[in-house]
file query35.csv (CSV, C-alpha atoms)
chain,number,residue,atom,x,y,z
V,1026,MET,CA,103.0,-23.5,82.9
V,1027,LYS,CA,99.3,-22.8,82.5
V,1028,ALA,CA,97.9,-21.1,79.3
V,1029,GLY,CA,96.5,-18.2,81.2
V,1030,ARG,CA,99.8,-17.5,83.0
V,1031,THR,CA,101.6,-17.7,79.6
V,1032,GLY,CA,99.3,-15.2,78.1
V,1033,SER,CA,99.8,-12.9,81.0
V,1034,LEU,CA,103.5,-13.1,80.7
V,1035,LEU,CA,103.4,-12.4,77.0
V,1036,TRP,CA,101.2,-9.4,77.5
V,1037,SER,CA,103.5,-8.1,80.2
V,1038,TRP,CA,106.4,-8.0,77.7
V,1039,VAL,CA,104.4,-5.7,75.4
V,1040,GLN,CA,105.4,-2.0,75.7
V,1041,PRO,CA,102.9,0.2,77.6
V,1042,GLU,CA,102.4,2.4,74.6
V,1043,GLU,CA,101.6,-0.6,72.4
V,1044,ARG,CA,99.2,-2.0,75.0
V,1045,ILE,CA,97.3,1.3,75.0
V,1046,PHE,CA,97.2,1.4,71.2
V,1047,LYS,CA,96.0,-2.2,70.8
V,1048,GLY,CA,93.4,-1.7,73.6
V,1049,LEU,CA,92.0,1.4,71.9
V,1050,LEU,CA,91.9,-0.3,68.5
V,1051,LEU,CA,90.1,-3.3,70.0
V,1052,THR,CA,87.6,-1.1,71.8
V,1053,LEU,CA,87.0,0.9,68.6
V,1054,LEU,CA,86.4,-2.2,66.5
V,1055,LEU,CA,84.0,-3.8,69.1
V,1056,GLY,CA,82.2,-0.5,69.5
V,1057,VAL,CA,81.7,-0.1,65.7
V,1058,CYS,CA,80.4,-3.6,65.4
V,1059,TRP,CA,78.2,-3.8,68.5
V,1060,SER,CA,76.9,-0.3,68.8
V,1061,PRO,CA,73.1,-0.1,68.2
V,1062,GLY,CA,72.3,0.3,64.5
V,1063,ALA,CA,75.9,0.4,63.4
V,1064,HIS,CA,76.6,-2.1,60.7
V,1065,SER,CA,73.9,-4.4,62.1
V,1066,LEU,CA,71.4,-6.2,59.8
V,1067,GLU,CA,70.5,-3.9,56.9
V,1068,VAL,CA,68.4,-4.5,53.8
V,1069,SER,CA,68.9,-2.5,50.7
V,1070,VAL,CA,67.1,-2.3,47.3
V,1071,GLY,CA,69.9,-0.2,45.6
V,1072,LYS,CA,70.5,3.5,45.1
V,1073,ILE,CA,67.5,3.9,42.8
V,1074,PRO,CA,64.5,2.3,44.6
V,1075,SER,CA,62.1,2.6,41.7
V,1076,LEU,CA,61.6,1.3,38.2
V,1077,GLU,CA,59.3,1.8,35.2
V,1078,ALA,CA,58.6,-1.5,33.4
V,1079,LEU,CA,56.8,-2.3,30.2
V,1080,ASN,CA,53.6,-4.2,30.4
V,1081,GLY,CA,54.1,-7.9,29.8
V,1082,SER,CA,57.8,-7.9,30.7
V,1083,ASP,CA,59.7,-9.7,33.4
V,1084,VAL,CA,61.1,-7.4,36.1
V,1085,LEU,CA,64.0,-7.9,38.5
V,1086,LEU,CA,63.2,-6.6,42.0
V,1087,PRO,CA,66.7,-6.1,43.6
V,1088,CYS,CA,67.4,-6.6,47.3
V,1089,SER,CA,70.5,-7.5,49.4
V,1090,PHE,CA,71.4,-7.6,53.1
V,1091,THR,CA,74.5,-7.0,55.2
V,1092,SER,CA,75.3,-7.9,58.8
V,1093,CYS,CA,78.4,-7.1,60.9
V,1094,ILE,CA,78.5,-10.3,62.9
V,1095,GLY,CA,77.1,-12.7,60.3
V,1096,TYR,CA,73.8,-14.5,60.3
V,1097,GLU,CA,72.2,-17.9,61.1
V,1098,ASP,CA,68.8,-19.1,60.0
V,1099,LEU,CA,68.1,-15.8,58.3
V,1100,LEU,CA,64.5,-15.3,57.3
V,1101,PHE,CA,63.6,-13.1,54.4
V,1102,ARG,CA,60.4,-12.5,52.4
V,1103,TRP,CA,59.0,-10.3,49.6
V,1104,SER,CA,55.6,-8.8,50.0
V,1105,TYR,CA,53.3,-6.6,47.8
V,1106,ASN,CA,51.6,-3.6,49.4
V,1107,ARG,CA,48.1,-3.7,48.1
V,1108,ASN,CA,46.2,-0.7,49.6
V,1109,GLY,CA,47.8,-1.3,53.0
V,1110,THR,CA,47.6,-5.1,53.0
V,1111,LEU,CA,50.8,-7.0,52.5
V,1112,GLU,CA,50.4,-9.9,50.1
V,1113,LEU,CA,53.2,-12.5,50.5
V,1114,MET,CA,55.1,-13.2,47.3
V,1115,LEU,CA,58.1,-15.2,48.5
V,1116,GLU,CA,59.4,-16.5,51.9
V,1117,ALA,CA,62.7,-18.3,52.5
V,1118,THR,CA,65.4,-19.0,55.1
V,1119,ILE,CA,69.2,-19.2,54.8
V,1120,LYS,CA,70.9,-21.5,57.3
V,1121,GLY,CA,74.3,-19.7,56.9
V,1122,PRO,CA,76.7,-18.1,54.5
V,1123,LYS,CA,77.6,-21.5,53.0
V,1124,TYR,CA,74.0,-22.5,52.3
V,1125,GLU,CA,71.6,-21.5,49.6
V,1126,PRO,CA,68.1,-20.3,50.5
V,1127,ARG,CA,65.4,-22.8,51.3
V,1128,ILE,CA,62.2,-21.6,49.7
V,1129,LEU,CA,59.2,-21.9,52.0
V,1130,PHE,CA,56.7,-20.2,49.8
V,1131,SER,CA,56.7,-18.6,46.3
V,1132,ASP,CA,54.0,-17.2,44.1
V,1133,TYR,CA,53.7,-18.8,40.7
V,1134,ARG,CA,54.9,-15.6,39.0
V,1135,VAL,CA,57.9,-15.2,41.2
V,1136,GLN,CA,61.4,-16.6,40.7
V,1137,PHE,CA,64.3,-16.3,43.2
V,1138,ALA,CA,67.2,-14.7,41.4
V,1139,GLY,CA,69.8,-14.2,44.2
V,1140,THR,CA,72.5,-16.2,46.0
V,1141,SER,CA,73.7,-16.4,49.6
V,1142,LYS,CA,77.3,-16.1,48.3
V,1143,THR,CA,76.7,-12.3,47.8
V,1144,ASN,CA,73.9,-11.8,50.3
V,1145,ASN,CA,71.6,-11.3,47.3
V,1146,ILE,CA,67.9,-12.0,47.9
V,1147,SER,CA,66.5,-10.5,44.7
V,1148,ILE,CA,63.5,-11.9,42.8
V,1149,ILE,CA,62.0,-11.8,39.3
V,1150,LEU,CA,58.4,-10.9,38.8
V,1151,LEU,CA,57.2,-12.6,35.6
V,1152,ASN,CA,54.8,-11.1,33.0
V,1153,VAL,CA,53.9,-7.9,34.9
V,1154,ASP,CA,50.7,-6.0,34.2
V,1155,PHE,CA,49.3,-2.6,35.3
V,1156,GLU,CA,47.9,-4.1,38.5
V,1157,ASP,CA,51.4,-4.9,39.6
V,1158,SER,CA,52.3,-1.3,39.9
V,1159,GLY,CA,53.0,-0.3,43.6
V,1160,GLN,CA,55.3,-0.9,46.5
V,1161,TYR,CA,57.2,-4.1,47.1
V,1162,ILE,CA,58.8,-4.7,50.5
V,1163,CYS,CA,61.9,-6.7,51.0
V,1164,TYR,CA,62.1,-8.0,54.7
V,1165,ALA,CA,64.8,-9.8,56.6
V,1166,LYS,CA,65.2,-11.1,60.2
V,1167,ASN,CA,68.4,-12.3,61.7
V,1168,PRO,CA,68.1,-14.5,64.9
V,1169,LYS,CA,71.9,-14.1,65.5
V,1170,GLU,CA,71.3,-10.4,66.2
V,1171,LYS,CA,68.5,-11.0,68.7
V,1172,ASN,CA,65.9,-11.3,65.8
V,1173,ARG,CA,66.8,-7.9,64.5
V,1174,VAL,CA,64.4,-6.9,61.6
V,1175,HIS,CA,65.0,-4.6,58.7
V,1176,ARG,CA,63.1,-3.9,55.5
V,1177,ALA,CA,63.3,-1.8,52.4
V,1178,THR,CA,60.7,-0.7,49.8
V,1179,TYR,CA,61.0,-0.9,46.0
V,1180,THR,CA,58.4,0.9,43.8
V,1181,LEU,CA,57.3,-0.4,40.4
V,1182,LEU,CA,55.4,1.4,37.8
V,1183,VAL,CA,54.1,-0.6,34.9
V,1184,VAL,CA,53.5,1.4,31.6
V,1185,SER,CA,52.2,0.6,28.2
V,1186,GLU,CA,55.2,2.2,26.5
V,1187,MET,CA,58.5,3.5,27.6
V,1188,LYS,CA,59.0,7.3,27.6
V,1189,VAL,CA,61.3,8.6,24.9
V,1190,VAL,CA,63.9,10.8,26.5
V,1191,ASP,CA,64.5,14.0,24.6
V,1192,LYS,CA,68.2,14.2,24.2
V,1193,THR,CA,68.2,17.5,22.2
V,1194,LEU,CA,69.3,19.7,25.1
V,1195,THR,CA,71.9,17.2,26.1
V,1196,THR,CA,73.3,17.0,22.6
V,1197,ILE,CA,73.4,20.8,22.3
V,1198,ILE,CA,75.2,21.1,25.7
V,1199,ALA,CA,77.7,18.4,24.7
V,1200,SER,CA,78.3,20.1,21.3
V,1201,VAL,CA,78.9,23.5,22.9
V,1202,VAL,CA,81.2,22.1,25.6
V,1203,GLY,CA,83.1,20.1,22.9
V,1204,GLY,CA,83.4,23.2,20.7
V,1205,LEU,CA,84.8,25.3,23.6
V,1206,ILE,CA,87.3,22.6,24.5
V,1207,GLY,CA,88.4,22.4,20.9
V,1208,PHE,CA,88.8,26.1,20.6
V,1209,LEU,CA,90.8,26.3,23.8
V,1210,ILE,CA,93.1,23.6,22.6
V,1211,VAL,CA,93.6,25.4,19.2
V,1212,PHE,CA,94.2,28.7,21.0
V,1213,LEU,CA,96.8,27.2,23.3
V,1214,LEU,CA,98.6,25.5,20.4
V,1215,GLY,CA,98.6,28.7,18.4
V,1216,LYS,CA,99.9,30.7,21.4
V,1217,LYS,CA,102.8,28.2,21.8
V,1218,LEU,CA,103.6,28.4,18.1
V,1219,ILE,CA,103.6,32.2,18.1
V,1220,LEU,CA,105.8,32.4,21.2
V,1221,PHE,CA,108.2,29.8,19.6
V,1222,ALA,CA,108.4,31.9,16.4
V,1223,ILE,CA,109.0,35.1,18.4
V,1224,ALA,CA,111.8,33.4,20.4
V,1225,LYS,CA,113.4,32.1,17.2
V,1226,SER,CA,113.2,35.5,15.6
V,1227,ARG,CA,114.9,37.1,18.6
V,1228,GLU,CA,117.6,34.5,18.6
V,1229,ARG,CA,118.3,35.2,14.9
V,1230,LYS,CA,118.5,39.0,15.4
V,1231,GLU,CA,120.8,38.6,18.3
V,1232,CYS,CA,123.0,36.3,16.3
V,1233,LEU,CA,123.1,38.8,13.4
V,1234,VAL,CA,124.0,41.7,15.7
V,1235,SER,CA,126.7,39.7,17.4
V,1236,SER,CA,128.2,38.7,14.0
V,1237,SER,CA,128.2,42.3,12.8
V,1238,GLY,CA,130.0,43.5,15.9
V,1239,ILE,CA,132.7,40.9,15.4
V,1240,ASP,CA,133.3,41.8,11.8
V,1241,ASN,CA,133.6,45.5,12.7
V,1242,THR,CA,136.1,44.8,15.4
V,1243,GLU,CA,138.3,42.7,13.1
V,1244,ASN,CA,138.3,45.2,10.1
V,1245,GLY,CA,138.5,48.4,12.1
V,1246,PRO,CA,136.9,51.7,11.2
V,1247,THR,CA,135.9,52.0,7.5
V,1248,GLY,CA,138.5,53.7,5.3
V,1249,THR,CA,141.4,53.4,7.7
V,1250,LYS,CA,143.0,50.3,6.1
V,1251,GLY,CA,145.3,50.9,3.1
V,1252,ASN,CA,144.6,54.7,2.8
V,1253,LYS,CA,147.4,55.9,5.0
V,1254,LYS,CA,150.3,57.5,3.0
V,1255,PRO,CA,153.9,56.6,4.1
V,1256,THR,CA,155.7,59.4,6.0
V,1257,PRO,CA,158.4,61.0,3.8
V,1258,LYS,CA,161.9,60.6,5.0
V,1259,ALA,CA,163.9,63.6,5.8
call {"tool": "encode", "arguments": {"input": "query35.csv", "output": "structure tokens"}}
result
Amino acid sequence: MKAGRTGSLLWSWVQPEERIFKGLLLTLLLGVCWSPGAHSLEVSVGKIPSLEALNGSDVLLPCSFTSCIGYEDLLFRWSYNRNGTLELMLEATIKGPKYEPRILFSDYRVQFAGTSKTNNISIILLNVDFEDSGQYICYAKNPKEKNRVHRATYTLLVVSEMKVVDKTLTTIIASVVGGLIGFLIVFLLGKKLILFAIAKSRERKECLVSSSGIDNTENGPTGTKGNKKPTPKA
């Protein structure tokens, strides 16, 4: 029996409802992966695309990429935007997910700091100075996605000294919130203790009243026991 015929027979044994469900699921998965712009090649420099760095320090410029269908011979590069002109800083290719990047060009102050295992194509810029302030573009092109191109921009500001963040207001807010929480906890504990004391007091009073009623029932009315004179016989 031919493989195609076997597959047709196996498919015919599947329930119609299950066929519909599997067909819709397959269509949805293919649509998500192949729809224009959906999970195709994307380059990201992180949630915070800017950084202040101290003059003379080494700076990490983060960048990573994702692709729905994978990649082959991926080309990526880092460039510096100097007044509208892009100056190449690093260029490399990655043959596939199991291969590390092959560096084609690198500026003497640039070190590659990523790995293809995590799709990380970050770099380190050594000994930055004030002229290094500006925009850095991370670019990638994936031939497997019909040479789709994507890029992201990271902004660097080189300063002589880091700004000291005034935490006075934060400390005050934290102290007030902590005080309110502490007061609320003490209030709730005090309330529970008071309610517990009241409940115990009520139980004690009910117990005393109940005991008093039992004693009166057993002894009878006051002055009736032993005070009656015997009835004289005729």
call {"tool": "closest_atom_pairs", "arguments": {"input": "query35.csv", "of": "segment 1079-1104 of chain V", "to": "segment 1157-1164 of chain V", "cutoff": "10 Å", "atoms": "all atoms listed in the file", "output": "tab-separated table"}}
result
residue	atom	partner	partner_atom	distance
V:Asn1080	CA	V:Asp1157	CA	9.5
V:Leu1086	CA	V:Tyr1161	CA	8.3
V:Pro1087	CA	V:Cys1163	CA	8.8
V:Cys1088	CA	V:Cys1163	CA	6.6
V:Ser1089	CA	V:Cys1163	CA	8.8
V:Phe1090	CA	V:Tyr1164	CA	9.4
V:Leu1100	CA	V:Tyr1164	CA	8.1
V:Phe1101	CA	V:Tyr1164	CA	5.3
V:Arg1102	CA	V:Tyr1164	CA	5.3
V:Trp1103	CA	V:Cys1163	CA	4.8
V:Ser1104	CA	V:Ile1162	CA	5.2
call {"tool": "closest_residue", "arguments": {"input": "query35.csv", "among": "V:Glu1116, V:Glu1156, V:Glu1228, V:Glu1170", "to": "Leu1182 of chain V", "atoms": "only C-alpha atoms"}}
result
V:Glu1156
call {"tool": "residues_around", "arguments": {"input": "query35.csv", "residues": "Gly1139 of chain V", "least_positions_apart": "6", "cutoff": "10 Å", "atoms": "all atoms listed in the file", "output": "PyMOL selection string"}}
result
chain V and resi 1087-1089+1125-1126+1145-1149
call {"tool": "residues_around", "arguments": {"input": "query35.csv", "residues": "Asn1172 of chain V", "least_positions_apart": "5", "cutoff": "10 Å", "atoms": "all atoms listed in the file", "output": "mmCIF file with C-alpha atoms, in the frame of the given file"}}
result
data_model
loop_
_atom_site.group_PDB
_atom_site.id
_atom_site.type_symbol
_atom_site.label_atom_id
_atom_site.label_comp_id
_atom_site.auth_asym_id
_atom_site.auth_seq_id
_atom_site.Cartn_x
_atom_site.Cartn_y
_atom_site.Cartn_z
ATOM 1 C CA LEU V 1066 71.400 -6.200 59.800
ATOM 2 C CA LEU V 1099 68.100 -15.800 58.300
ATOM 3 C CA LEU V 1100 64.500 -15.300 57.300
ATOM 4 C CA ALA V 1165 64.800 -9.800 56.600
ATOM 5 C CA LYS V 1166 65.200 -11.100 60.200
ATOM 6 C CA ASN V 1167 68.400 -12.300 61.700
#
call {"tool": "residues_around", "arguments": {"input": "query35.csv", "residues": "Arg1134 of chain V", "least_positions_apart": "3", "cutoff": "10 Å", "atoms": "only C-alpha atoms", "output": "list in words"}}
result
Asp1083, Met1114, Ser1131, Ile1149, Leu1150, Leu1151, Asn1152 and Val1153 of chain V
call {"tool": "write_last_selection", "arguments": {"input": "query35.csv", "atoms": "C-alpha atoms", "output": "mmCIF file, in the frame of the given file"}}
result
data_model
loop_
_atom_site.group_PDB
_atom_site.id
_atom_site.type_symbol
_atom_site.label_atom_id
_atom_site.label_comp_id
_atom_site.auth_asym_id
_atom_site.auth_seq_id
_atom_site.Cartn_x
_atom_site.Cartn_y
_atom_site.Cartn_z
ATOM 1 C CA ASP V 1083 59.700 -9.700 33.400
ATOM 2 C CA MET V 1114 55.100 -13.200 47.300
ATOM 3 C CA SER V 1131 56.700 -18.600 46.300
ATOM 4 C CA ILE V 1149 62.000 -11.800 39.300
ATOM 5 C CA LEU V 1150 58.400 -10.900 38.800
ATOM 6 C CA LEU V 1151 57.200 -12.600 35.600
ATOM 7 C CA ASN V 1152 54.800 -11.100 33.000
ATOM 8 C CA VAL V 1153 53.900 -7.900 34.900
#
call {"tool": "closest_residue", "arguments": {"input": "query35.csv", "among": "V:Phe1130, V:Ser1075, V:Ser1185, V:Tyr1105", "to": "Asp1154 of chain V", "atoms": "only C-alpha atoms"}}
result
V:Ser1185
call {"tool": "atom_distance", "arguments": {"input": "query35.csv", "atom1": "atom CA of Glu1097 of chain V", "atom2": "atom CA of Lys1169 of chain V"}}
result
5.8 Å
call {"tool": "closest_residue", "arguments": {"input": "query35.csv", "among": "V:Ile1223, V:Leu1181, V:Leu1205, V:Leu1115", "to": "Ala1078 of chain V", "atoms": "all atoms listed in the file"}}
result
V:Leu1181
call {"tool": "atom_distance", "arguments": {"input": "query35.csv", "atom1": "atom CA of Tyr1096 of chain V", "atom2": "atom CA of Ile1119 of chain V"}}
result
8.6 Å
call {"tool": "decode", "arguments": {"input": "query35.csv", "residues": "segment 1051-1168 of chain V", "atoms": "C-alpha atoms", "output": "JSON list (two decimals), in the first residue's frame"}}
result
[["chain", "number", "residue", "atom", "x", "y", "z"],
["V", 1051, "LEU", "CA", -2.96, 24.24, 11.88],
["V", 1052, "THR", "CA", -4.35, 27.21, 9.96],
["V", 1053, "LEU", "CA", -4.02, 29.43, 13.02],
["V", 1054, "LEU", "CA", -0.42, 28.41, 13.66],
["V", 1055, "LEU", "CA", 0.57, 28.93, 10.03],
["V", 1056, "GLY", "CA", -1.25, 32.25, 9.92],
["V", 1057, "VAL", "CA", 0.49, 33.53, 13.03],
["V", 1058, "CYS", "CA", 3.90, 32.51, 11.78],
["V", 1059, "TRP", "CA", 3.57, 33.56, 8.15],
["V", 1060, "SER", "CA", 1.39, 36.67, 8.40],
["V", 1061, "PRO", "CA", 3.29, 39.86, 7.41],
["V", 1062, "GLY", "CA", 5.12, 41.38, 10.37],
["V", 1063, "ALA", "CA", 3.89, 38.76, 12.86],
["V", 1064, "HIS", "CA", 6.81, 37.18, 14.69],
["V", 1065, "SER", "CA", 9.10, 37.68, 11.68],
["V", 1066, "LEU", "CA", 12.63, 39.01, 12.11],
["V", 1067, "GLU", "CA", 12.70, 41.56, 14.91],
["V", 1068, "VAL", "CA", 15.60, 43.38, 16.54],
["V", 1069, "SER", "CA", 15.38, 44.73, 20.08],
["V", 1070, "VAL", "CA", 17.67, 46.78, 22.31],
["V", 1071, "GLY", "CA", 15.66, 46.15, 25.47],
["V", 1072, "LYS", "CA", 12.86, 47.89, 27.32],
["V", 1073, "ILE", "CA", 15.04, 50.92, 28.16],
["V", 1074, "PRO", "CA", 16.73, 52.01, 24.89],
["V", 1075, "SER", "CA", 19.02, 54.58, 26.48],
["V", 1076, "LEU", "CA", 21.87, 54.83, 28.97],
["V", 1077, "GLU", "CA", 24.01, 57.38, 30.79],
["V", 1078, "ALA", "CA", 27.64, 56.29, 31.06],
["V", 1079, "LEU", "CA", 30.63, 57.75, 32.85],
["V", 1080, "ASN", "CA", 33.41, 59.19, 30.72],
["V", 1081, "GLY", "CA", 36.23, 56.66, 30.34],
["V", 1082, "SER", "CA", 34.12, 53.60, 31.16],
["V", 1083, "ASP", "CA", 33.28, 50.54, 29.06],
["V", 1084, "VAL", "CA", 29.65, 50.41, 27.93],
["V", 1085, "LEU", "CA", 27.50, 47.45, 26.93],
["V", 1086, "LEU", "CA", 25.22, 48.19, 23.96],
["V", 1087, "PRO", "CA", 22.50, 45.51, 24.15],
["V", 1088, "CYS", "CA", 20.79, 43.95, 21.15],
["V", 1089, "SER", "CA", 19.02, 40.69, 20.35],
["V", 1090, "PHE", "CA", 16.92, 39.30, 17.52],
["V", 1091, "THR", "CA", 14.03, 36.87, 17.09],
["V", 1092, "SER", "CA", 12.62, 35.04, 14.08],
["V", 1093, "CYS", "CA", 9.56, 32.81, 13.75],
["V", 1094, "ILE", "CA", 10.98, 30.48, 11.11],
["V", 1095, "GLY", "CA", 14.64, 30.58, 12.12],
["V", 1096, "TYR", "CA", 17.54, 32.07, 10.22],
["V", 1097, "GLU", "CA", 20.38, 31.21, 7.86],
["V", 1098, "ASP", "CA", 23.41, 33.38, 7.03],
["V", 1099, "LEU", "CA", 22.02, 36.18, 9.17],
["V", 1100, "LEU", "CA", 23.84, 39.45, 8.67],
["V", 1101, "PHE", "CA", 24.02, 41.95, 11.51],
["V", 1102, "ARG", "CA", 25.90, 45.16, 12.10],
["V", 1103, "TRP", "CA", 26.30, 48.01, 14.57],
["V", 1104, "SER", "CA", 26.60, 51.59, 13.33],
["V", 1105, "TYR", "CA", 27.00, 55.01, 14.93],
["V", 1106, "ASN", "CA", 24.82, 57.85, 13.68],
["V", 1107, "ARG", "CA", 27.15, 60.83, 13.38],
["V", 1108, "ASN", "CA", 25.04, 63.78, 12.19],
["V", 1109, "GLY", "CA", 23.07, 61.62, 9.76],
["V", 1110, "THR", "CA", 26.03, 59.58, 8.53],
["V", 1111, "LEU", "CA", 26.26, 55.97, 9.68],
["V", 1112, "GLU", "CA", 29.75, 54.91, 10.73],
["V", 1113, "LEU", "CA", 30.23, 51.15, 10.74],
["V", 1114, "MET", "CA", 31.41, 49.77, 14.09],
["V", 1115, "LEU", "CA", 30.93, 46.01, 13.68],
["V", 1116, "GLU", "CA", 29.64, 43.66, 11.00],
["V", 1117, "ALA", "CA", 29.24, 39.87, 11.24],
["V", 1118, "THR", "CA", 27.29, 36.90, 9.90],
["V", 1119, "ILE", "CA", 25.78, 33.86, 11.62],
["V", 1120, "LYS", "CA", 25.45, 30.73, 9.49],
["V", 1121, "GLY", "CA", 22.79, 29.21, 11.74],
["V", 1122, "PRO", "CA", 21.68, 28.68, 15.34],
["V", 1123, "LYS", "CA", 24.48, 26.17, 15.99],
["V", 1124, "TYR", "CA", 27.22, 28.52, 14.78],
["V", 1125, "GLU", "CA", 28.87, 31.46, 16.49],
["V", 1126, "PRO", "CA", 29.13, 34.75, 14.57],
["V", 1127, "ARG", "CA", 31.92, 35.29, 12.06],
["V", 1128, "ILE", "CA", 33.22, 38.82, 12.49],
["V", 1129, "LEU", "CA", 33.75, 40.57, 9.14],
["V", 1130, "PHE", "CA", 34.70, 43.97, 10.53],
["V", 1131, "SER", "CA", 35.17, 45.45, 14.00],
["V", 1132, "ASP", "CA", 36.35, 48.83, 15.22],
["V", 1133, "TYR", "CA", 39.38, 48.64, 17.52],
["V", 1134, "ARG", "CA", 37.27, 49.92, 20.45],
["V", 1135, "VAL", "CA", 34.46, 47.41, 19.92],
["V", 1136, "GLN", "CA", 34.18, 43.91, 21.40],
["V", 1137, "PHE", "CA", 31.48, 41.42, 20.51],
["V", 1138, "ALA", "CA", 29.67, 40.36, 23.72],
["V", 1139, "GLY", "CA", 26.86, 38.14, 22.45],
["V", 1140, "THR", "CA", 26.24, 34.55, 21.45],
["V", 1141, "SER", "CA", 24.08, 32.86, 18.83],
["V", 1142, "LYS", "CA", 22.78, 30.43, 21.48],
["V", 1143, "THR", "CA", 20.51, 33.18, 22.82],
["V", 1144, "ASN", "CA", 20.30, 35.32, 19.64],
["V", 1145, "ASN", "CA", 22.37, 37.92, 21.47],
["V", 1146, "ILE", "CA", 24.32, 40.33, 19.24],
["V", 1147, "SER", "CA", 25.35, 42.89, 21.87],
["V", 1148, "ILE", "CA", 28.66, 44.71, 21.80],
["V", 1149, "ILE", "CA", 30.93, 46.51, 24.29],
["V", 1150, "LEU", "CA", 32.22, 49.97, 23.47],
["V", 1151, "LEU", "CA", 35.56, 50.51, 25.25],
["V", 1152, "ASN", "CA", 36.74, 53.70, 26.94],
["V", 1153, "VAL", "CA", 33.88, 55.97, 25.89],
["V", 1154, "ASP", "CA", 34.28, 59.74, 25.76],
["V", 1155, "PHE", "CA", 31.93, 62.67, 25.25],
["V", 1156, "GLU", "CA", 32.11, 62.37, 21.45],
["V", 1157, "ASP", "CA", 30.60, 58.89, 21.72],
["V", 1158, "SER", "CA", 27.27, 60.32, 22.87],
["V", 1159, "GLY", "CA", 24.52, 59.74, 20.32],
["V", 1160, "GLN", "CA", 22.49, 57.04, 18.60],
["V", 1161, "TYR", "CA", 23.72, 53.50, 17.88],
["V", 1162, "ILE", "CA", 21.82, 51.37, 15.37],
["V", 1163, "CYS", "CA", 21.61, 47.59, 15.63],
["V", 1164, "TYR", "CA", 20.71, 46.12, 12.22],
["V", 1165, "ALA", "CA", 19.93, 42.58, 11.08],
["V", 1166, "LYS", "CA", 18.97, 40.93, 7.76],
["V", 1167, "ASN", "CA", 17.66, 37.38, 7.40],
["V", 1168, "PRO", "CA", 17.93, 35.77, 3.92]]
